[in-house]
Number of protein chains: 4
Amino acid sequence: MTRITVPSEPVSTLSDAWRTCVGTGRFNLALRQDYQDSLALVQRDIGFRHIRGHGLLSDDVGVHRPYDAAGHRGTRYAFTYVDQVVDAYLGLGIKPFLELGFMPSGLASGDETVFWWKGNITPPRDHREWAALVEAVIRHLVDRYGLDEVRTWPIEVWNEPNLVDFWQGADQKEYFRLYECSARAVKDVDASLQVGGPAISPGADAWWEPFADFVTQRDVPVDFLSVHAYTSGPAQHVPFGTYQALRRPQSLLDQFAAPRRILAGTPFEDLPLHVTEFNTSYRPDNPVHDTAYNAAYLAPVLAGGGDHADSFSYWTFCDVFEEENIPTAFFHGGFGMLTHRQVKKPTYHLYSFMARMAADVLARGADHLVTRDAATGRVAVLAWQPVGGSEDPHEPERHELRLSVPVASGSGNAPLTASVHRSVVNETEGNAFAAWQHLGRPASPGVRQLEMLYEAAEPVRSHTALPVTGGRVDLVVTLGRHEVTLLEIDPVRDETPGWLDDARILGRGDRG
Amino acid sequence: MTRITVPSEPVSTLSDAWRTCVGTGRFNLALRQDYQDSLALVQRDIGFRHIRGHGLLSDDVGVHRPYDAAGHRGTRYAFTYVDQVVDAYLGLGIKPFLELGFMPSGLASGDETVFWWKGNITPPRDHREWAALVEAVIRHLVDRYGLDEVRTWPIEVWNEPNLVDFWQGADQKEYFRLYECSARAVKDVDASLQVGGPAISPGADAWWEPFADFVTQRDVPVDFLSVHAYTSGPAQHVPFGTYQALRRPQSLLDQFAAPRRILAGTPFEDLPLHVTEFNTSYRPDNPVHDTAYNAAYLAPVLAGGGDHADSFSYWTFCDVFEEENIPTAFFHGGFGMLTHRQVKKPTYHLYSFMARMAADVLARGADHLVTRDAATGRVAVLAWQPVGGSEDPHEPERHELRLSVPVASGSGNAPLTASVHRSVVNETEGNAFAAWQHLGRPASPGVRQLEMLYEAAEPVRSHTALPVTGGRVDLVVTLGRHEVTLLEIDPVRDETPGWLDDARILGRGDRG
Amino acid sequence: MTRITVPSEPVSTLSDAWRTCVGTGRFNLALRQDYQDSLALVQRDIGFRHIRGHGLLSDDVGVHRPYDAAGHRGTRYAFTYVDQVVDAYLGLGIKPFLELGFMPSGLASGDETVFWWKGNITPPRDHREWAALVEAVIRHLVDRYGLDEVRTWPIEVWNEPNLVDFWQGADQKEYFRLYECSARAVKDVDASLQVGGPAISPGADAWWEPFADFVTQRDVPVDFLSVHAYTSGPAQHVPFGTYQALRRPQSLLDQFAAPRRILAGTPFEDLPLHVTEFNTSYRPDNPVHDTAYNAAYLAPVLAGGGDHADSFSYWTFCDVFEEENIPTAFFHGGFGMLTHRQVKKPTYHLYSFMARMAADVLARGADHLVTRDAATGRVAVLAWQPVGGSEDPHEPERHELRLSVPVASGSGNAPLTASVHRSVVNETEGNAFAAWQHLGRPASPGVRQLEMLYEAAEPVRSHTALPVTGGRVDLVVTLGRHEVTLLEIDPVRDETPGWLDDARILGRGDRG
Amino acid sequence: MTRITVPSEPVSTLSDAWRTCVGTGRFNLALRQDYQDSLALVQRDIGFRHIRGHGLLSDDVGVHRPYDAAGHRGTRYAFTYVDQVVDAYLGLGIKPFLELGFMPSGLASGDETVFWWKGNITPPRDHREWAALVEAVIRHLVDRYGLDEVRTWPIEVWNEPNLVDFWQGADQKEYFRLYECSARAVKDVDASLQVGGPAISPGADAWWEPFADFVTQRDVPVDFLSVHAYTSGPAQHVPFGTYQALRRPQSLLDQFAAPRRILAGTPFEDLPLHVTEFNTSYRPDNPVHDTAYNAAYLAPVLAGGGDHADSFSYWTFCDVFEEENIPTAFFHGGFGMLTHRQVKKPTYHLYSFMARMAADVLARGADHLVTRDAATGRVAVLAWQPVGGSEDPHEPERHELRLSVPVASGSGNAPLTASVHRSVVNETEGNAFAAWQHLGRPASPGVRQLEMLYEAAEPVRSHTALPVTGGRVDLVVTLGRHEVTLLEIDPVRDETPGWLDDARILGRGDRG
């Protein structure tokens with residue numbers, strides 16, 4: 001069993017990198033009610049700063065609009081949907097992390113597409129027209145939202161150009177051309193805007209040096225670097241689903257760390273680094289995303305990822321997502337922290353637990369993170385059962401840790417007790433996926449089944465008070481299978497009046 | 001241990017008497033935001049038909065308004081607040097159960113009052129003016145809401161006239177005069193309106209025969225009878241609080257039954273009988289109201305009360321209530337199912353569990369009620385630990401019951417499993433009062449403390465699937481101390497596609 | 001000037017045909033926030049019974065899902081989006097009017113499509129598979145919503161099969177085959193479900209007799225007939241827009257009347273007749289839809305359409321619509337009563353005015369409809385400037401009518417005055433399109449511009465009181481250009497106390 | 001006619017004093033739904049910083065709670081309602097401006113009260129206990145909301161101690177004692193908290209020097225001065241109502257200016273000065289408050305008040321107010337900008353128009369205020385018909401002003417037109433009080449009457465575009481009786497595509 005004596009003074013500060021950005025399905029989907037309901041919930045409980053997804057320039061957002069009628073010919077830029085979405089984002093307290101892509105069909109050089117929704121992945125037919133498009137979009141945003149605001153929105157050029165699925169031929173030279181053209185168009189609007197890339201997928205470390213060389217040699221603007229991270233192995237398909245092996249969680253942290261390691265000693269080492277996508281599996285139909293395992297797996301990544309990157313963006317906040325067609329079942333292995341209709345998955349709770357951690361880190365280890373709020377004295381313990389991916393798949397049914405936690409007195413006398421409020425999510429508790437399995441996996445749950453799923457999805461809460469001895473509370477925390485748990489420990493200021501005698505309440509008098 | 005083989009065919013129909021009416025603090029309080037937020041929640045989760053409280057005619061509602069200025073003298077009837085409240089009620093899907101009282105100061109014959117908020121309890125100075133007031137109020141309601149609507153609102157004359165606290169001298173003859181005068185005034189508006197009384201408190205059975213005689217002899221309209229029921233003994237006061245002994249729960253049912261027993265053989269036996277107030281303790285500062293004990297105590301009363309009365313109205317739905325001055329602490333023994341700011345007490349959950357029961361009763365016993373929904377086949381089991389009041393105070397830490405539950409096939413093949421969704425409330429789970437004690441009983445909880453209380457107040461949910469054998473599921477239900485539990489058992493229609501193999505999800509393969 | 005002495009007794013009853021159904025963009029769009037916000041507003045102010053649009057079976061709803069992987073092959077029916085949309089509809093108090101179409105690509109016999117969003121218009125590759133799909137969809141709806149509910153949802157087979165744009169080759173024989181196959185599949189679920197067609201466009205009267213013959217000869221179920229009606233001439237295109245001539249409003253009523261006229265004497269004459277689409281122009285980019293002219297034009301159609309059809313469904317309730325690609329400007333000639341983001345167009349107000357008319361019709365004429373509410377005595381006058389389409393385009397700047405309106409006494413004494421509350425919409429008042437033009441036609445209005453548009457879109461209200469003489473009020477109503485106006489006339493029950501003297505209020509004493 | 005050439009450069013900056021504070025009925029009323037709905041609306045449209053009313057320490061808030069039971073005796077401070085109200089305020093974006101008063105009955109030295117709701121106006125029985133109470137309240141607020149927050153809440157000692165109605169005997173010496181005791185108690189919590197007084201009513205200028213002398217001699221803390229201002233003469237009562245003469249609007253500005261004039265040359269001249277109450281009439285039953293006259297009267301006061309005071313707090317934001325008992329009619333001359341149920345009065349619109357003015361003042365005169373927003377170039381003109389109170393009561397039916405307004409080009413080319421959006425409120429337009437009179441003054445309007453009142457209460461909007469010549473627009477503004485009007489003038493960036501031809505829209509081609 002882990003035994004930890006938590007120091008009484010902070011050892012570090014918790015980075016906000018974990019909540020700096022979150023991923024989302026394509027831009028057009030942000031018009032949906034279900035999407036906006038989900039985002040509102042996420043923002044209430046978690047509170048991300050930025051949101052990033054594909055498809056800003058794809059046909060279903062309708063920006064690039066060539067016309068030729070009645071003797072009039074040209075291109076109109078239309079922001080009908082762009083403005084609706086960005087207005088909604090800002091109204092929900094989240095800023096765009098812009099991704100420039102995919103190619104509007106009216107500007108595309110070919111007809112290769114990616115995804116069920118057919119994002120065009122070919123280079124522009126005319127780079128000047130592409131630059132004009134980029135400039136028009138950014139200028140419109142600056143006009144509408146103000147330069148001070150847009151300056152805080154990173155602008156990333158394309159997505160995973162190192163993969164043939166996302167960029168015709170995975171043509172590096174063509175990408176660099178697109179990058180340069182885009183970056184200069186952005187800076188033509190205002191030099192203070194932030195542009196970056198190359199948004200490469202895992203396994204493309206060989207792109208870093210050429211990218212660095214290219215932008216250096218041609219003096220191309222680059223304000224940040226971006227990369228993706230996943231730990232899943234090859235997909236084993238079944239209808240509407242996929243199974244995959246996973247490497248250890250540490251592999252995610254290693255991927256976060258790679259760019260700066262590779263670029264060490266260059267000026268690029270000091271640029272902001274954004275992991276603009278990460279998750280266990282890169283498939284939107286792998287059931288692991290629905291499990292407590294996914295949360296337990298990611299817990300150490302959220303706790304430690306800020307050591308390596310300025311942001312790491314969970315792909316994605318909700319199951320409103322259509323890259324592999326429309327889901328055919330309620331739980332379908334989608335990326336979302338939330339299902340359609342906002343049933344919370346375990347990974348949602350991991351994030352909501354993180355949102356209750358404070359800035360001062362008292363301890364961090366293989367199965368725990370401990371923080372304290374300077375203002376209130378509340379100590380928050382995030383604990384999890386460590387898991388090892390497919391490389392080490394045999395977790396026991398239980399995991400235990402013991403902590404000695406310092407409980408400061410808020411003011412005045414030292415507290416005699418501390419209250420402990422615990423929230424539990426594991427394979428059977430706070431687990432709507434398990435409940436859904438018990439219900440017979442209804443593809444489209446009825447109203448009452450949905451209510452049950454909402455109820456089953458809530459963490460199981462317990463509450464107690466423990467004695468404070470020598471300014472410390474001793475905790476023995478037993479975790480279930482793949483559990484992620486939050487303990488919130490408050491020094492108690494006892495306001496009980498002297499005249500109260502609980503033994504006089506019926507049903508209390510005869511208790512120990 | 002109880003062992004029950006639940007019949008597979010209904011034995012009776014569950015009466016709606018338990019939800020026909022609920023009690024509330026004085027009429028004026030219905031103007032409050034906290035009150036309306038609470039009522040909205042209650043209506044969403046429970047759904048009462050009527051709401052009854054005091055003070056419609058008291059000065060703080062402002063109906064009876066004598067004036068004398070600039071040579072103009074008379075009485076104006078003002079419905080500014082009456083309409084705001086009734087509009088709000090109807091908007092929340094609940095109808096008034098009107099109580100005529102207390103006496104407006106401009107019409108009172110004396111200055112005796114009841115409660116901190118000073119309801120005047122003296123007879124009218126002028127009975128014609130009282131009749132005019134009653135008629136004006138009812139006529140206004142009929143004008144505004146329509147006769148078809150108001151005809152469904154029972155109109156009760158005064159409150160507990162048998163007590164000197166509520167009616168000067170507990171003067172029976174004076175009450176009968178008031179009753180007659182009021183009933184005739186109501187009928188003068190429309191003969192189809194329902195009027196009744198005498199709204200007597202427990203221990204006043206001696207009033208029934210004189211009341212019956214009086215209305216018979218003088219042919220006074222009486223459309224329903226009303227009575228109150230409580231089981232608490234004398235109050236033992238501490239500052240801002242009270243402790244009391246309680247009789248057994250059966251005492252409440254006996255009180256419900258008394259009027260018809262006493263009036264057996266008379267035409268009054270067949271009148272609708274409304275228990276217009278009931279609870280354990282009649283004190284708004286007895287902590288028993290905040291406990292799981294209160295819920296366990298009332299469970300058999302809700303299950304069986306419909307045998308005796310057409311309604312029995314829990315006094316009261318929320319802690320917005322000021323009869324003994326403004327509460328000085330968050331939990332203060334208030335009558336409410338909800339605290340200020342809508343933290344749910346165990347009795348709230350008892351009611352919300354009842355709201356999930358269906359019409360067909362399969363079984364009813366000392367610790368359980370079992371229903372089945374004809375449309376869906378869902379079986380709902382409400383179970384509780386029996387408690388005995390102060391007369392039998394030594395409940396064990398656990399209570400167990402075993403049920404064999406019939407699980408019908410909704411359609412097609414017989415189900416192989418049934419899903420069981422359980423919701424638990426007892427002395428430690430789903431118990432915000434216990435959590436509040438652990439927090440040091442903060443008199444006015446802070447924002448984060450309130451969040452904890454909301455979380456702690458939710459029933460602990462669990463979900464499982466059980467095999468169906470011979471059309472039945474065997475359940476062993478272990479209840480904690482003073483537990484009220486709900487089990488919702490659904491026949492499972494398994495929609496699992498043949499290609500799914502949970503063992504291929506990470507973390508699943510190596511399980512039993 | 002029109003002079004009307006409105007009779008004091010009803011001459012007829014106002015049919016609800018005008019609000020029985022409303023049109024909508026494709027099914028998938030109902031997932032949008034903007035769409036649902038618009039529908040909520042429409043339902044609050046107008047309250048339609050049914051909603052009908054295309055695309056229930058199109059790929060972007062994801063129902064028909066063939067699979068072939070890991071040795072598993074077949075077709076899955078998925079209702080993920082169907083249920084979300086229908087749940088939302090019912091939650092907003094509106095029922096689906098189902099249209100079966102278009103063809104899922106996995107079942108299509110070809111790849112011809114209609115609209116920017118590519119609805120497949122080819123017959124099924126396999127009619128048994130089509131029948132299985134239809135049956136599965138209807139059975140699912142019956143399972144989820146109950147037969148009693150679904151029985152009230154008309155089910156229409158396909159859309160405008162007489163046009164090559166909507167049905168490959170406009171092949172009548174193929175349509176009849178599809179109709180028979182679909183109708184029988186529906187009835188296989190339950191014989192009480194309502195199925196109908198042929199949903200033909202204007203100008204296809206030649207289809208009626210063959211359709212009648214076909215279903216008669218083969219004894220194919222047909223519970224209702226459906227047809228569309230538009231009065232626009234050929235489209236004159238400009239980029240992102242269209243201009244067209246319009247026939248007279250009477251042409252719409254003639255089209256409504258045609259099927260029963262043609263089928264007179266046959267059993268089909270007595271079937272319910274649903275005009276499942278109507279509007280002035282059939283183009284979603286004709287600016288006439290944004291104008292007061294459109295409202296004035298349709299006013300007599302709404303007032304009189306119920307003489308000819310059981311429903312006539314305005315195409316469409318909001319501008320969330322993508323048949324001709326995504327709109328490039330805020331006002332773009334869309335069909336909607338509401339723009340994106342719920343700015344109200346004049347036609348919206350026409351409908352909201354109709355929603356304030358009562359059941360008893362006192363008078364109806366070329367420029368007015370007068371009703372009276374039996375319960376309250378309120379007389380509502382809907383008046384409009386008659387317009388003649390392109391055939392008679394020279395309306396004057398003003399139109400005047402004079403009415404003598406009977407004002408009944410609600411109860412008691414005859415009223416001395418009547419209050420008149422007037423709501424005005426014309427080319428300059430209550431006209432957001434005009435305001436938008438003044439603003440320079442911003443393609444994507446900013447936040448403050450939107451606020452101005454909301455304000456400019458509200459009808460101009462005025463209020464006065466008029467003397468009642470001989471039980472009548474004389475009204476002279478002057479309408480502006482293309483005005484639609486509502487007057488609500490209430491008999492006044494004067495509650496002014498005798499002591500009030502407005503001359504004593506500052507600023508009042510010296511008034512005439 | 002006024003002719004104004006508005007300068008093209010700012011002449012001053014508009015002070016925020018007008019929105020720094022607003023008045024409210026007693027603290028307890030803030031618990032009401034109607035109150036909170038009203039405040040939410042006010043905050044959305046206007047946005048005050050602080051809110052001030054009476055009764056924080058009165059019995060109906062329940063703070064001071066002596067007890068004596070079961071051998072326990074003492075005083076408990078209870079914040080049940082205080083916290084609910086302050087939480088609600090902060091949640092609505094408004095901060096308390098605390099007023100210490102009135103006297104809790106448990107601490108009072110006598111039983112004299114003020115108002116229908118009986119605020120006790122006697123000095124404390126024990127000044128140490130008063131100091132303890134003040135300190136406890138402030139300390140609790142600091143504990144709950146933080147010192148940084150509470151430091152921004154001014155704390156005012158008592159209300160109008162110069163009047164016998166509000167302070168027993170209007171005893172100056174006793175007030176100074178209370179002030180000292182209170183101020184020191186506040187500073188005992190934290191020296192940075194702001195305390196002030198003496199909150200005197202109009203006509204008490206003789207108090208300033210003694211107050212200044214007292215605090216100087218005894219070195220009593222005073223961080224701000226406070227005073228009230230009203231211009232009404234003696235009340236002429238009728239039942240439930242009052243008529244009064246009014247002095248000129250300038251009298252209000254003179255009252256704002258008086259304290260600094262009187263204290264000129266002393267250090268008190270430089271203290272913040274808060275006019276913690278002002279209005280025309282000081283009576284909550286004077287119909288002038290419901291009129292357009294009230295708005296026109298106050299327009300120059302809002303425009304100019306910031307020259308004299310750091311805040312001037314309109315008494316009060318809504319009609320939820322009970323100083324003269326519960327209103328017996330919907331419009332009853334209440335202070336509110338809003339009636340019960342949020343019908344907007346003209347004075348509400350005056351404030352909402354002010355909320356649309358920008359910081360840069362271009363011109364200010366007897367009938368106008370002109371501002372320009374630096375970011376957008378929008379020019380806002382607030383214009384009104386000047387009125388003179390009872391001293392000059394004969395306003396004409398119309399008032400006209402002519403302005404030449406500079407219209408800057410936002411960017412790029414100079415605009416050719418400016419859009420003008422006008423909002424009108426006068427004796428007949430945007431005037432729910434007039435509509436209510438036409439309806440027969442229903443004391444308690446029905447649902448449909450309320451809808452009419454909401455509609456009648458909206459300003460009449462009109463929209464046009466005017467040519468810009470030499471960078472200027474010429475406006476001729478005709479105002480109706482007692483009108484307050486807002487014109488918002490925006491330079492137009494014309495986005496009309498070249499292919500549009502409105503003449504081709506039906507109903508447009510034949511227009512001049």
# chains A, B, ... in the order shown; residues from 1 in each chain; ligands from 1
$ residues_around --residues "A:Arg402" --least-positions-apart "5" --cutoff "8 Å" --atoms "only C-alpha atoms" --output "MDAnalysis selection string"
chainID A and resid 1:4 474:477
$ residues_around --residues "stretch 207-223 of chain A" --least-positions-apart "4" --cutoff "10 Å" --atoms "only C-alpha atoms" --output "PyMOL selection string"
chain A and resi 154-156+161-162+172-173+175-177+179-184+186-187+191-198+200+203+227+258-260+262-263+266-268+271-273
$ closest_residue --among "C:Arg398, C:Arg356, C:His54, C:Arg144" --to "chain B" --atoms "only C-alpha atoms"
C:Arg144
$ interface_residues --of "chain A" --to "chain B" --cutoff "6 Å" --atoms "only C-alpha atoms" --output "mmCIF file with N, CA and C atoms, in the first residue's frame"
data_model
loop_
_atom_site.group_PDB
_atom_site.id
_atom_site.type_symbol
_atom_site.label_atom_id
_atom_site.label_comp_id
_atom_site.auth_asym_id
_atom_site.auth_seq_id
_atom_site.Cartn_x
_atom_site.Cartn_y
_atom_site.Cartn_z
ATOM 1 N N VAL A 288 -13.300 1.767 -25.119
ATOM 2 C CA VAL A 288 -12.479 2.164 -23.976
ATOM 3 C C VAL A 288 -12.821 3.584 -23.530
ATOM 4 N N SER A 419 -13.668 17.631 7.864
ATOM 5 C CA SER A 419 -14.713 16.938 7.116
ATOM 6 C C SER A 419 -14.099 16.386 5.835
ATOM 7 N N ALA A 435 -24.234 0.619 -16.198
ATOM 8 C CA ALA A 435 -25.702 0.572 -16.065
ATOM 9 C C ALA A 435 -26.354 0.303 -17.411
ATOM 10 N N HIS A 438 -26.247 -3.233 -18.191
ATOM 11 C CA HIS A 438 -27.274 -3.961 -17.427
ATOM 12 C C HIS A 438 -28.658 -3.784 -18.031
ATOM 13 N N LEU A 439 -28.870 -2.635 -18.635
ATOM 14 C CA LEU A 439 -30.186 -2.371 -19.256
ATOM 15 C C LEU A 439 -30.349 -3.092 -20.591
ATOM 16 N N GLY A 440 -29.328 -3.801 -21.024
ATOM 17 C CA GLY A 440 -29.423 -4.528 -22.289
ATOM 18 C C GLY A 440 -28.907 -3.712 -23.463
ATOM 19 N N ARG A 441 -28.077 -2.694 -23.167
ATOM 20 C CA ARG A 441 -27.481 -1.836 -24.201
ATOM 21 C C ARG A 441 -28.531 -1.261 -25.152
ATOM 22 N N PRO A 442 -29.532 -0.582 -24.652
ATOM 23 C CA PRO A 442 -30.525 0.000 -25.556
ATOM 24 C C PRO A 442 -29.876 1.015 -26.505
ATOM 25 N N HIS A 463 -19.576 11.111 2.982
ATOM 26 C CA HIS A 463 -19.167 12.261 3.771
ATOM 27 C C HIS A 463 -18.894 11.771 5.174
ATOM 28 N N THR A 464 -17.831 12.260 5.751
ATOM 29 C CA THR A 464 -17.542 11.883 7.132
ATOM 30 C C THR A 464 -16.722 12.994 7.787
ATOM 31 N N ALA A 465 -16.450 12.823 9.062
ATOM 32 C CA ALA A 465 -15.562 13.739 9.773
ATOM 33 C C ALA A 465 -14.498 12.908 10.460
ATOM 34 N N VAL A 492 -12.745 21.825 10.075
ATOM 35 C CA VAL A 492 -14.098 22.121 10.543
ATOM 36 C C VAL A 492 -14.083 23.240 11.583
ATOM 37 N N ARG A 493 -14.925 24.245 11.341
ATOM 38 C CA ARG A 493 -15.185 25.235 12.377
ATOM 39 C C ARG A 493 -16.521 24.843 12.992
ATOM 40 N N ASP A 494 -16.461 24.295 14.172
ATOM 41 C CA ASP A 494 -17.675 23.717 14.764
ATOM 42 C C ASP A 494 -18.582 24.825 15.297
ATOM 43 N N GLU A 495 -19.782 24.911 14.714
ATOM 44 C CA GLU A 495 -20.729 25.934 15.146
ATOM 45 C C GLU A 495 -21.845 25.344 16.013
ATOM 46 N N THR A 496 -21.668 24.117 16.464
ATOM 47 C CA THR A 496 -22.721 23.477 17.244
ATOM 48 C C THR A 496 -22.985 24.244 18.538
ATOM 49 N N ILE A 505 -32.728 13.321 19.582
ATOM 50 C CA ILE A 505 -33.464 13.128 18.330
ATOM 51 C C ILE A 505 -33.858 11.666 18.240
#
$ select_by_dssp --residues "stretch 188-419 of chain C" --states "strand (DSSP E or B)" --output "ChimeraX atom specification"
/C:195-200,224-230,232,236-238,241-243,246,273-279,311-314,318,338,344,360-365,368-372,379-384,399-406,417-419
$ closest_residue --among "B:Pro406, B:Pro445, B:Pro96, B:Gly334" --to "B:Glu322" --atoms "only C-alpha atoms"
B:Gly334
$ atom_distance --atom1 "atom CA of D:Ser105" --atom2 "atom CA of D:Tyr282"
26.5 Å
$ atom_distance --atom1 "atom CA of B:His64" --atom2 "atom CA of B:Phe79"
9.2 Å
$ atom_distance --atom1 "atom CA of D:Thr13" --atom2 "atom CA of D:Asp360"
4.9 Å
$ residues_around --residues "D:Pro66" --least-positions-apart "3" --cutoff "7 Å" --atoms "only C-alpha atoms" --output "list of chain:residue names"
D:Gly74, D:Thr75, D:Arg76, D:Gly106
$ write_last_selection --atoms "N, CA, C and O atoms" --output "compact mmCIF listing (two decimals), in the first residue's frame"
# COMPACT_ATOMS: atom_id res chain seq x y z
N GLY D 74 -28.69 34.23 25.88
CA GLY D 74 -27.69 34.98 25.13
C GLY D 74 -28.30 35.54 23.87
O GLY D 74 -29.52 35.64 23.74
N THR D 75 -27.43 35.92 22.93
CA THR D 75 -27.90 36.44 21.63
C THR D 75 -27.17 35.70 20.52
O THR D 75 -25.95 35.54 20.57
N ARG D 76 -27.95 35.25 19.56
CA ARG D 76 -27.39 34.58 18.40
C ARG D 76 -27.55 35.54 17.22
O ARG D 76 -28.54 36.24 17.11
N GLY D 106 -35.37 43.36 19.89
CA GLY D 106 -34.67 42.86 21.07
C GLY D 106 -33.61 43.79 21.60
O GLY D 106 -33.04 43.56 22.66
